[in-house]
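Novice: Here you go, this is input.txt (compact mmCIF, C-alpha atoms and all ligand atoms).
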# COMPACT_ATOMS: atom_id res chain seq x y z
CA MET R 1 -63.99 6.02 -18.90
CA GLU R 2 -67.45 6.09 -20.45
CA LYS R 3 -68.84 9.45 -21.47
CA THR R 4 -71.75 9.45 -18.98
CA GLU R 5 -69.37 8.42 -16.24
CA GLN R 6 -66.98 11.23 -17.18
CA ASN R 7 -69.87 13.72 -17.23
CA TYR R 8 -70.93 12.50 -13.81
CA GLU R 9 -67.42 12.86 -12.42
CA ASP R 10 -67.11 16.36 -13.88
CA PHE R 11 -70.48 17.25 -12.38
CA ILE R 12 -69.52 15.97 -8.93
CA SER R 13 -66.18 17.74 -8.94
CA THR R 14 -67.74 21.05 -10.02
CA VAL R 15 -70.50 20.69 -7.43
CA SER R 16 -68.02 19.87 -4.66
CA HIS R 17 -66.03 22.95 -5.53
CA GLU R 18 -69.15 25.12 -5.65
CA LEU R 19 -70.25 23.82 -2.24
CA ARG R 20 -66.85 24.03 -0.63
CA THR R 21 -66.30 27.74 -1.30
CA PRO R 22 -69.32 29.08 0.66
CA LEU R 23 -68.96 26.38 3.34
CA THR R 24 -65.32 27.27 3.96
CA SER R 25 -66.23 30.89 4.36
CA ILE R 26 -69.15 30.11 6.73
CA ARG R 27 -66.89 27.92 8.86
CA GLY R 28 -64.08 30.48 8.86
CA PHE R 29 -66.19 33.42 9.98
CA SER R 30 -68.06 31.39 12.64
CA GLN R 31 -64.76 30.08 14.04
CA THR R 32 -63.28 33.57 14.17
CA MET R 33 -66.31 34.86 16.05
CA LEU R 34 -66.42 31.94 18.49
CA GLN R 35 -62.71 32.11 19.26
CA SER R 36 -62.37 35.88 19.53
CA TRP R 37 -65.87 37.02 20.51
CA ASP R 38 -64.69 39.52 23.17
CA LYS R 39 -62.00 41.01 20.94
CA ILE R 40 -64.22 41.77 17.98
CA ASP R 41 -66.19 45.03 17.86
CA ASP R 42 -69.91 45.02 17.09
CA GLU R 43 -69.43 46.48 13.64
CA SER R 44 -67.17 43.60 12.59
CA LYS R 45 -69.49 41.01 14.13
CA LYS R 46 -72.29 42.41 12.03
CA LYS R 47 -70.10 42.28 8.93
CA PHE R 48 -69.16 38.64 9.61
CA LEU R 49 -72.78 37.64 10.22
CA LYS R 50 -73.77 39.35 6.97
CA ILE R 51 -71.20 37.26 5.10
CA ILE R 52 -72.47 34.08 6.77
CA GLU R 53 -76.03 34.99 5.76
CA GLU R 54 -75.00 35.73 2.16
CA GLN R 55 -73.03 32.52 1.84
CA SER R 56 -75.93 30.49 3.28
CA ASN R 57 -78.26 32.05 0.72
CA ARG R 58 -75.76 31.14 -1.96
CA LEU R 59 -75.78 27.51 -0.75
CA ILE R 60 -79.58 27.38 -0.70
CA SER R 61 -79.91 28.70 -4.23
CA LEU R 62 -77.17 26.33 -5.41
CA VAL R 63 -78.92 23.32 -3.87
CA GLU R 64 -82.27 24.40 -5.33
CA ASN R 65 -80.70 24.80 -8.77
CA MET R 66 -79.01 21.42 -8.58
CA LEU R 67 -82.29 19.83 -7.60
CA SER R 68 -83.90 21.43 -10.66
CA VAL R 69 -81.14 20.05 -12.88
CA THR R 70 -81.53 16.53 -11.47
CA LYS R 71 -85.31 16.67 -11.76
CA LEU R 72 -85.13 17.89 -15.35
CA GLN R 73 -82.88 14.98 -16.23
CA SER R 74 -85.25 12.40 -14.79
CA ALA R 75 -88.60 11.38 -16.22
CA LYS R 76 -90.29 12.28 -12.95
CA ASP R 77 -90.41 15.93 -13.76
CA ASN R 78 -93.91 16.13 -15.15
CA PHE R 79 -95.15 19.29 -16.73
CA VAL R 80 -98.77 20.15 -15.99
CA TYR R 81 -100.23 22.22 -18.81
CA LYS R 82 -103.22 24.40 -18.05
CA GLU R 83 -104.72 27.46 -19.65
CA THR R 84 -102.85 30.29 -17.97
CA ASN R 85 -103.17 34.03 -17.94
CA LEU R 86 -99.58 35.26 -18.14
CA LYS R 87 -99.95 38.87 -17.05
CA PRO R 88 -100.58 38.33 -13.32
CA LEU R 89 -97.86 35.65 -13.25
CA ILE R 90 -95.29 38.01 -14.75
CA GLU R 91 -96.38 40.84 -12.44
CA GLN R 92 -95.88 38.54 -9.48
CA THR R 93 -92.42 37.53 -10.69
CA ILE R 94 -91.46 41.17 -11.14
CA SER R 95 -92.52 42.06 -7.61
CA ILE R 96 -90.49 39.17 -6.17
CA VAL R 97 -87.35 40.25 -8.04
CA LYS R 98 -88.03 43.93 -7.27
CA ASN R 99 -87.95 43.08 -3.59
CA GLN R 100 -84.35 41.98 -4.02
CA TYR R 101 -83.29 44.71 -6.44
CA LYS R 102 -84.98 47.71 -4.89
CA THR R 103 -83.35 50.49 -6.89
CA HIS R 104 -83.98 48.90 -10.29
CA LYS R 105 -87.05 49.87 -12.27
CA PHE R 106 -89.10 47.21 -14.05
CA GLU R 107 -91.30 48.08 -17.00
CA LEU R 108 -93.81 45.56 -18.28
CA ASN R 109 -95.26 46.01 -21.73
CA PHE R 110 -97.94 43.37 -22.13
CA ASN R 111 -99.61 43.39 -25.54
CA LYS R 112 -103.36 43.05 -25.28
CA SER R 113 -103.47 40.59 -28.17
CA VAL R 114 -101.77 37.88 -26.09
CA PRO R 115 -104.35 35.25 -25.11
CA PRO R 116 -104.10 32.88 -22.14
CA ILE R 117 -101.67 30.13 -23.14
CA PHE R 118 -101.38 26.43 -22.31
CA THR R 119 -98.42 26.19 -20.01
CA ASP R 120 -97.05 24.83 -16.75
CA LYS R 121 -97.42 27.70 -14.31
CA ASP R 122 -94.47 26.84 -12.03
CA LYS R 123 -92.09 26.18 -14.89
CA PHE R 124 -93.17 29.38 -16.60
CA GLN R 125 -92.42 31.27 -13.36
CA GLN R 126 -89.01 29.64 -13.22
CA ILE R 127 -88.17 30.85 -16.75
CA MET R 128 -89.29 34.41 -16.05
CA THR R 129 -87.61 34.57 -12.63
CA ASN R 130 -84.25 33.44 -14.02
CA LEU R 131 -84.32 35.96 -16.88
CA ILE R 132 -85.61 38.94 -14.89
CA GLU R 133 -83.24 38.19 -12.03
CA ASN R 134 -80.27 38.00 -14.41
CA ALA R 135 -81.28 41.27 -16.08
CA ALA R 136 -81.26 43.01 -12.69
CA LYS R 137 -78.21 41.17 -11.42
CA TYR R 138 -75.97 42.01 -14.39
CA SER R 139 -76.92 45.69 -14.64
CA ASN R 140 -76.25 48.65 -12.38
CA ASP R 141 -78.54 50.05 -9.70
CA ASN R 142 -81.08 52.64 -10.87
CA THR R 143 -81.34 51.19 -14.37
CA THR R 144 -84.50 49.79 -15.95
CA VAL R 145 -85.35 46.22 -16.93
CA TYR R 146 -87.89 46.01 -19.77
CA ILE R 147 -90.22 43.02 -20.12
CA THR R 148 -92.16 42.83 -23.37
CA VAL R 149 -94.82 40.22 -24.08
CA SER R 150 -96.39 39.94 -27.54
CA LEU R 151 -97.66 37.50 -30.13
CA THR R 152 -95.42 36.38 -33.00
CA ASP R 153 -96.48 37.15 -36.57
CA SER R 154 -97.79 33.63 -37.07
CA ALA R 155 -99.86 34.08 -33.88
CA GLN R 156 -98.76 30.58 -32.85
CA HIS R 157 -96.23 31.63 -30.26
CA VAL R 158 -95.92 34.14 -27.51
CA SER R 159 -92.71 36.16 -27.44
CA LEU R 160 -91.25 37.05 -24.04
CA LYS R 161 -88.43 39.56 -24.12
CA VAL R 162 -86.34 40.66 -21.16
CA THR R 163 -83.99 43.58 -21.84
CA ASP R 164 -81.38 45.27 -19.69
CA THR R 165 -78.63 47.84 -20.17
CA GLY R 166 -75.98 46.16 -18.08
CA VAL R 167 -72.59 44.54 -18.64
CA GLY R 168 -73.58 43.03 -22.00
CA ILE R 169 -72.56 39.66 -23.44
CA ASP R 170 -69.93 39.04 -26.16
CA GLU R 171 -71.27 37.24 -29.21
CA LYS R 172 -68.64 34.52 -28.69
CA ASP R 173 -70.28 33.69 -25.35
CA TYR R 174 -73.88 33.39 -26.62
CA GLU R 175 -73.75 29.58 -26.58
CA LYS R 176 -71.55 29.14 -23.56
CA ILE R 177 -73.85 30.92 -21.11
CA PHE R 178 -76.55 28.27 -21.60
CA THR R 179 -74.27 25.44 -20.51
CA LYS R 180 -73.93 24.04 -16.99
CA PHE R 181 -71.95 26.09 -14.45
CA SER R 182 -70.81 28.67 -17.00
CA ARG R 183 -70.27 32.24 -15.92
CA ILE R 184 -68.63 35.03 -17.89
CA ASP R 185 -65.86 36.72 -16.00
CA SER R 186 -66.30 40.47 -15.49
CA PRO R 187 -65.86 42.82 -12.53
CA LEU R 188 -69.64 42.77 -11.97
CA THR R 189 -70.01 38.98 -12.29
CA ARG R 190 -67.26 38.59 -9.72
CA LYS R 191 -69.21 40.83 -7.35
CA VAL R 192 -72.56 39.05 -7.67
CA GLN R 193 -73.18 35.46 -6.72
CA GLY R 194 -74.38 32.76 -9.01
CA SER R 195 -73.90 29.10 -9.78
CA GLY R 196 -74.09 29.39 -13.57
CA LEU R 197 -77.04 27.02 -13.67
CA GLY R 198 -79.94 29.46 -14.17
CA LEU R 199 -79.78 29.72 -17.97
CA TYR R 200 -79.01 26.03 -18.40
CA ILE R 201 -82.19 25.20 -16.46
CA THR R 202 -84.16 27.87 -18.32
CA LYS R 203 -83.14 26.58 -21.76
CA ASN R 204 -83.93 23.03 -20.71
CA ILE R 205 -87.45 23.97 -19.56
CA VAL R 206 -88.13 26.13 -22.62
CA GLU R 207 -87.13 23.32 -24.99
CA LYS R 208 -89.23 20.77 -23.11
CA MET R 209 -92.14 23.12 -23.76
CA ASN R 210 -91.29 23.06 -27.48
CA GLY R 211 -90.09 26.62 -27.33
CA CYS R 212 -86.75 28.30 -27.97
CA ILE R 213 -84.54 30.86 -26.32
CA SER R 214 -82.05 33.28 -27.85
CA VAL R 215 -79.91 36.19 -26.81
CA LYS R 216 -78.69 39.34 -28.50
CA SER R 217 -76.42 41.91 -26.95
CA GLU R 218 -75.37 45.13 -28.65
CA ASN R 219 -73.80 48.21 -27.08
CA LYS R 220 -74.40 46.65 -23.65
CA THR R 221 -78.13 46.36 -24.32
CA THR R 222 -78.96 42.71 -23.82
CA THR R 223 -82.21 41.01 -24.78
CA PHE R 224 -83.17 37.44 -24.02
CA GLU R 225 -86.15 36.24 -26.06
CA VAL R 226 -88.24 33.17 -25.34
CA LEU R 227 -90.83 31.85 -27.79
CA LEU R 228 -93.47 29.47 -26.42
CA PRO R 229 -96.38 27.79 -28.21
CA ILE R 230 -99.68 29.30 -27.15
CA GLY R 231 -101.69 26.09 -27.52
CA ASN R 232 -101.22 22.42 -26.80
CA VAL R 233 -97.47 21.78 -26.99
CA GLU R 234 -97.76 18.65 -29.16
CA ASP R 235 -99.81 20.46 -31.81
CA TYR R 236 -97.09 22.96 -32.48
CA ALA R 237 -93.78 22.64 -34.25
CA ARG R 238 -90.82 23.60 -32.11
CA ALA R 239 -90.42 27.34 -32.17
CA LYS R 240 -87.42 28.64 -34.06
CA CYS R 241 -85.48 31.57 -32.77
CA SER R 242 -83.93 33.59 -35.55
CA GLN R 243 -80.54 34.37 -33.98
N1 LIG W 1 -78.61 39.80 -18.64
C1 LIG W 1 -77.33 39.44 -18.64
N2 LIG W 1 -76.37 40.36 -18.94
C2 LIG W 1 -75.06 40.02 -18.95
N3 LIG W 1 -74.59 38.79 -18.67
C3 LIG W 1 -75.50 37.84 -18.37
C4 LIG W 1 -76.90 38.11 -18.34
N4 LIG W 1 -77.54 36.97 -18.03
C5 LIG W 1 -76.59 36.03 -17.87
N5 LIG W 1 -75.36 36.55 -18.07
C6 LIG W 1 -74.06 35.83 -18.00
O1 LIG W 1 -74.32 34.44 -18.19
C7 LIG W 1 -73.84 33.68 -17.07
C8 LIG W 1 -74.75 32.49 -16.82
O2 LIG W 1 -76.03 32.92 -16.33
P1 LIG W 1 -76.86 31.95 -15.39
O3 LIG W 1 -78.15 32.60 -15.07
O4 LIG W 1 -76.87 30.61 -16.02
O5 LIG W 1 -75.95 31.82 -14.09
P2 LIG W 1 -75.72 32.80 -12.86
O6 LIG W 1 -76.64 33.98 -12.92
O7 LIG W 1 -74.25 33.08 -12.82
O8 LIG W 1 -76.07 31.88 -11.61
P3 LIG W 1 -77.51 31.30 -11.17
O9 LIG W 1 -77.35 29.83 -11.26
O10 LIG W 1 -77.68 31.80 -9.78
O11 LIG W 1 -78.54 31.82 -12.13
C9 LIG W 1 -73.80 34.69 -15.92
O12 LIG W 1 -72.87 34.31 -14.94
C10 LIG W 1 -73.38 35.97 -16.64
O13 LIG W 1 -71.98 35.97 -16.83
MG MG W 2 -78.78 33.55 -13.20
Output the structure of this file as structure tokens.
Specialist:
Amino acid sequence: MEKTEQNYEDFISTVSHELRTPLTSIRGFSQTMLQSWDKIDDESKKKFLKIIEEQSNRLISLVENMLSVTKLQSAKDNFVYKETNLKPLIEQTISIVKNQYKTHKFELNFNKSVPPIFTDKDKFQQIMTNLIENAAKYSNDNTTVYITVSLTDSAQHVSLKVTDTGVGIDEKDYEKIFTKFSRIDSPLTRKVQGSGLGLYITKNIVEKMNGCISVKSENKTTTFEVLLPIGNVEDYARAKCSQ
């Protein structure tokens, strides 16, 4: 079989599996409720409905992520670069994630030297949402997620750092986590939902913007850093991340 064909088959079989799991659980809990409605107490009904809601959300986010992957692979996905003030965008992203992770604290440290940059607003939001969401998702309640925005020494790139003190990532997994459908097994990862596409999409977007992304995790303190050119993408060499 040709390589692209094999990739396609792998993709379809992974996707089918990812779709089947939540669908099976939605069907199972709806059937149980329909067949035994009078026998089930209110508390259990609520629990079953909660599972159905969670699994539907999981399906929606999976479908949205897969759409992003397909769009990124096709030429249709145009980036629209405009001069953009990052601070309000990041603040907005934080408040969206905060709404989902209510007990987490989020601390934004936005260096005043950072000018408006030429970027695609929606894609930039997607990068920040994925990283901030992961930081909250893979750390315990009541911990703090730090977001630091500054200029690099050369003043050609903006550095976006998202730090958490959560489960941490083994150095051997640094590359793996950026590939399609990859998740690192841990008690916490098993508890939280995810398709393993977020970082793959993020890396793809960052590189299309001529930027780079890297990760460093020590003593369970994990920092993802993204470097993006501040000016017209074509005028800048691809950013190099040190790690
Ligand atoms: N901040 C983090 N701390 C620890 N592990 C992380 C962190 N961010 C990502 N990971 C690990 O990398 C894996 C891949 O992350 P990615 O965002 O691609 O997928 P996901 O969060 O599982 O699902 P989704 O597609 O919904 O984003 C995660 O499953 C997790 O194991
Ligand atoms: Mg994620």
Novice: Given a cut-off of 8 Å, what residues near ligand MG 2 (chain W) show up using only C-alpha atoms and all ligand atoms, put as a VMD selection string?
Specialist: chain R and resid 130 to 131 133 to 134 137 194 to 199
Novice: Hey, what's within 10 Å of stretch 113-116 of chain R if we count all atoms listed in the file and toss same-chain stuff fewer than 2 positions away? As a list in words, please?
Specialist: Lys82, Glu83, Thr84, Asn85, Leu86, Lys87, Phe110, Asn111, Phe118, Thr119, Val149, Ser150, Leu151, Thr152, Ala155, His157, Val158, Ser159, Ile230 and Gly231 of chain R
Novice: Taking C-alpha atoms for each residue, export the selection above as a PDB file, in the coordinates of the input.
Specialist:
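The new file out00.pdb reads:
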ATOM      1  CA  LYS R  82    -103.220  24.400 -18.050  1.00  0.00           C
ATOM      2  CA  GLU R  83    -104.720  27.460 -19.650  1.00  0.00           C
ATOM      3  CA  THR R  84    -102.850  30.290 -17.970  1.00  0.00           C
ATOM      4  CA  ASN R  85    -103.170  34.030 -17.940  1.00  0.00           C
ATOM      5  CA  LEU R  86     -99.580  35.260 -18.140  1.00  0.00           C
ATOM      6  CA  LYS R  87     -99.950  38.870 -17.050  1.00  0.00           C
ATOM      7  CA  PHE R 110     -97.940  43.370 -22.130  1.00  0.00           C
ATOM      8  CA  ASN R 111     -99.610  43.390 -25.540  1.00  0.00           C
ATOM      9  CA  PHE R 118    -101.380  26.430 -22.310  1.00  0.00           C
ATOM     10  CA  THR R 119     -98.420  26.190 -20.010  1.00  0.00           C
ATOM     11  CA  VAL R 149     -94.820  40.220 -24.080  1.00  0.00           C
ATOM     12  CA  SER R 150     -96.390  39.940 -27.540  1.00  0.00           C
ATOM     13  CA  LEU R 151     -97.660  37.500 -30.130  1.00  0.00           C
ATOM     14  CA  THR R 152     -95.420  36.380 -33.000  1.00  0.00           C
ATOM     15  CA  ALA R 155     -99.860  34.080 -33.880  1.00  0.00           C
ATOM     16  CA  HIS R 157     -96.230  31.630 -30.260  1.00  0.00           C
ATOM     17  CA  VAL R 158     -95.920  34.140 -27.510  1.00  0.00           C
ATOM     18  CA  SER R 159     -92.710  36.160 -27.440  1.00  0.00           C
ATOM     19  CA  ILE R 230     -99.680  29.300 -27.150  1.00  0.00           C
ATOM     20  CA  GLY R 231    -101.690  26.090 -27.520  1.00  0.00           C
TER      21      GLY R 231
END
Novice: Taking 6 positions as the minimum chain separation for residues in the same chain, which residues sit within 10 Å of R:Lys240 when counting all atoms listed in the file? Answer as number ranges by chain.
Specialist: R: 210-214, 226-228
Novice: Which value, in Å to one decimal, gives the distance between atom CA of R:Pro22 and atom CA of R:Gln55?
Specialist: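 Here the two named atoms are 5.2 Å from each other.
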Novice: I need the residue nearest ligand LIG 1 (chain W) from this list: R:Lys161, R:Arg27, R:Lys50, R:Lys121. Use only C-alpha atoms and all ligand atoms for the distance.
Specialist: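 Looking only at the distances to ligand LIG 1 (chain W), the closest residue turns out to be R:Lys161.
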Novice: Give the answer as one residue: which of R:Tyr101, R:Tyr174, R:Phe106, R:Tyr138 has the shortest atom-to-atom distance to ligand LIG 1 (chain W), using all atoms listed in the file?
Specialist: R:Tyr138
Novice: Select from stretch 147-211 of chain R every residue with an atom at most 10 Å from any atom of stretch 122-129 of chain R, then for each give the shortest pair of atoms and their distance in Å to one decimal, using all atoms listed in the file, rows by chain and rising number, as a Markdown table.
Specialist:
| residue | atom | partner | partner_atom | distance |
| --- | --- | --- | --- | --- |
| R:Ile147 | CA | R:Met128 | CA | 9.6 |
| R:Leu160 | CA | R:Met128 | CA | 8.6 |
| R:Lys161 | CA | R:Met128 | CA | 9.6 |
| R:Val162 | CA | R:Met128 | CA | 8.6 |
| R:Gly198 | CA | R:Ile127 | CA | 8.7 |
| R:Leu199 | CA | R:Ile127 | CA | 8.6 |
| R:Ile201 | CA | R:Ile127 | CA | 8.2 |
| R:Thr202 | CA | R:Ile127 | CA | 5.2 |
| R:Lys203 | CA | R:Ile127 | CA | 8.3 |
| R:Asn204 | CA | R:Ile127 | CA | 9.7 |
| R:Ile205 | CA | R:Lys123 | CA | 6.9 |
| R:Val206 | CA | R:Ile127 | CA | 7.5 |
| R:Met209 | CA | R:Lys123 | CA | 9.4 |
Novice: Provide an axis-aligned box for all listed atoms of ligand LIG 1 (chain W), padding each side by 4 Å; report its centre and its edge lengths in Å to one decimal, as AutoDock Vina command-line options.
Specialist:
--center_x -75.3 --center_y 35.1 --center_z -14.4 --size_x 14.6 --size_y 18.5 --size_z 17.2
Novice: So the first atom is atom CA of R:Glu175 and the second is atom CA of R:Leu62; what is the distance between them in Å, to one decimal place?
Specialist: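 Between atom CA of R:Glu175 and atom CA of R:Leu62 the gap works out to 21.7 Å.
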Novice: My list of candidates is R:Leu19, R:Ala136, R:Ile90, R:Ile60. Which is closest to ligand LIG 1 (chain W) when distances are computed with only C-alpha atoms and all ligand atoms?
Specialist: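 Of the candidates, the smallest distance to ligand LIG 1 (chain W) is held by R:Ala136.
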Novice: For ligand LIG 1 (chain W), which of R:Asn142, R:Ser74, R:Asn219, R:Ser36 is the closest residue, counting all atoms listed in the file?
Specialist: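 For ligand LIG 1 (chain W), the nearest of the candidates is R:Asn219.
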Novice: For the atom pair atom CA of R:Phe178 and atom CA of R:Ser61, what is the interatomic distance in Å to one decimal place?
Specialist: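 Answer for the atom CA of R:Phe178 to atom CA of R:Ser61 separation: 17.7 Å.
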Novice: Find the residue from R:Thr223, R:Gln100, R:Thr14, R:Thr143 that sits nearest to R:Met66; use all atoms listed in the file when measuring.
Specialist: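 Closest to R:Met66 of all the choices is R:Thr14.
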Novice: Report as a VMD selection string all protein, DNA and RNA residues lying within 9 Å of R:Glu218, evaluated on only C-alpha atoms, omitting residues in the same chain fewer than 2 positions from it.
Specialist: chain R and resid 168 to 171 216 220 to 223
Novice: Rank R:Lys76, R:Arg58, R:Lys39, R:Lys102 by their smallest atom-to-atom distance to ligand LIG 1 (chain W), using all atoms listed in the file, and report the top residue only.
Specialist: R:Arg58
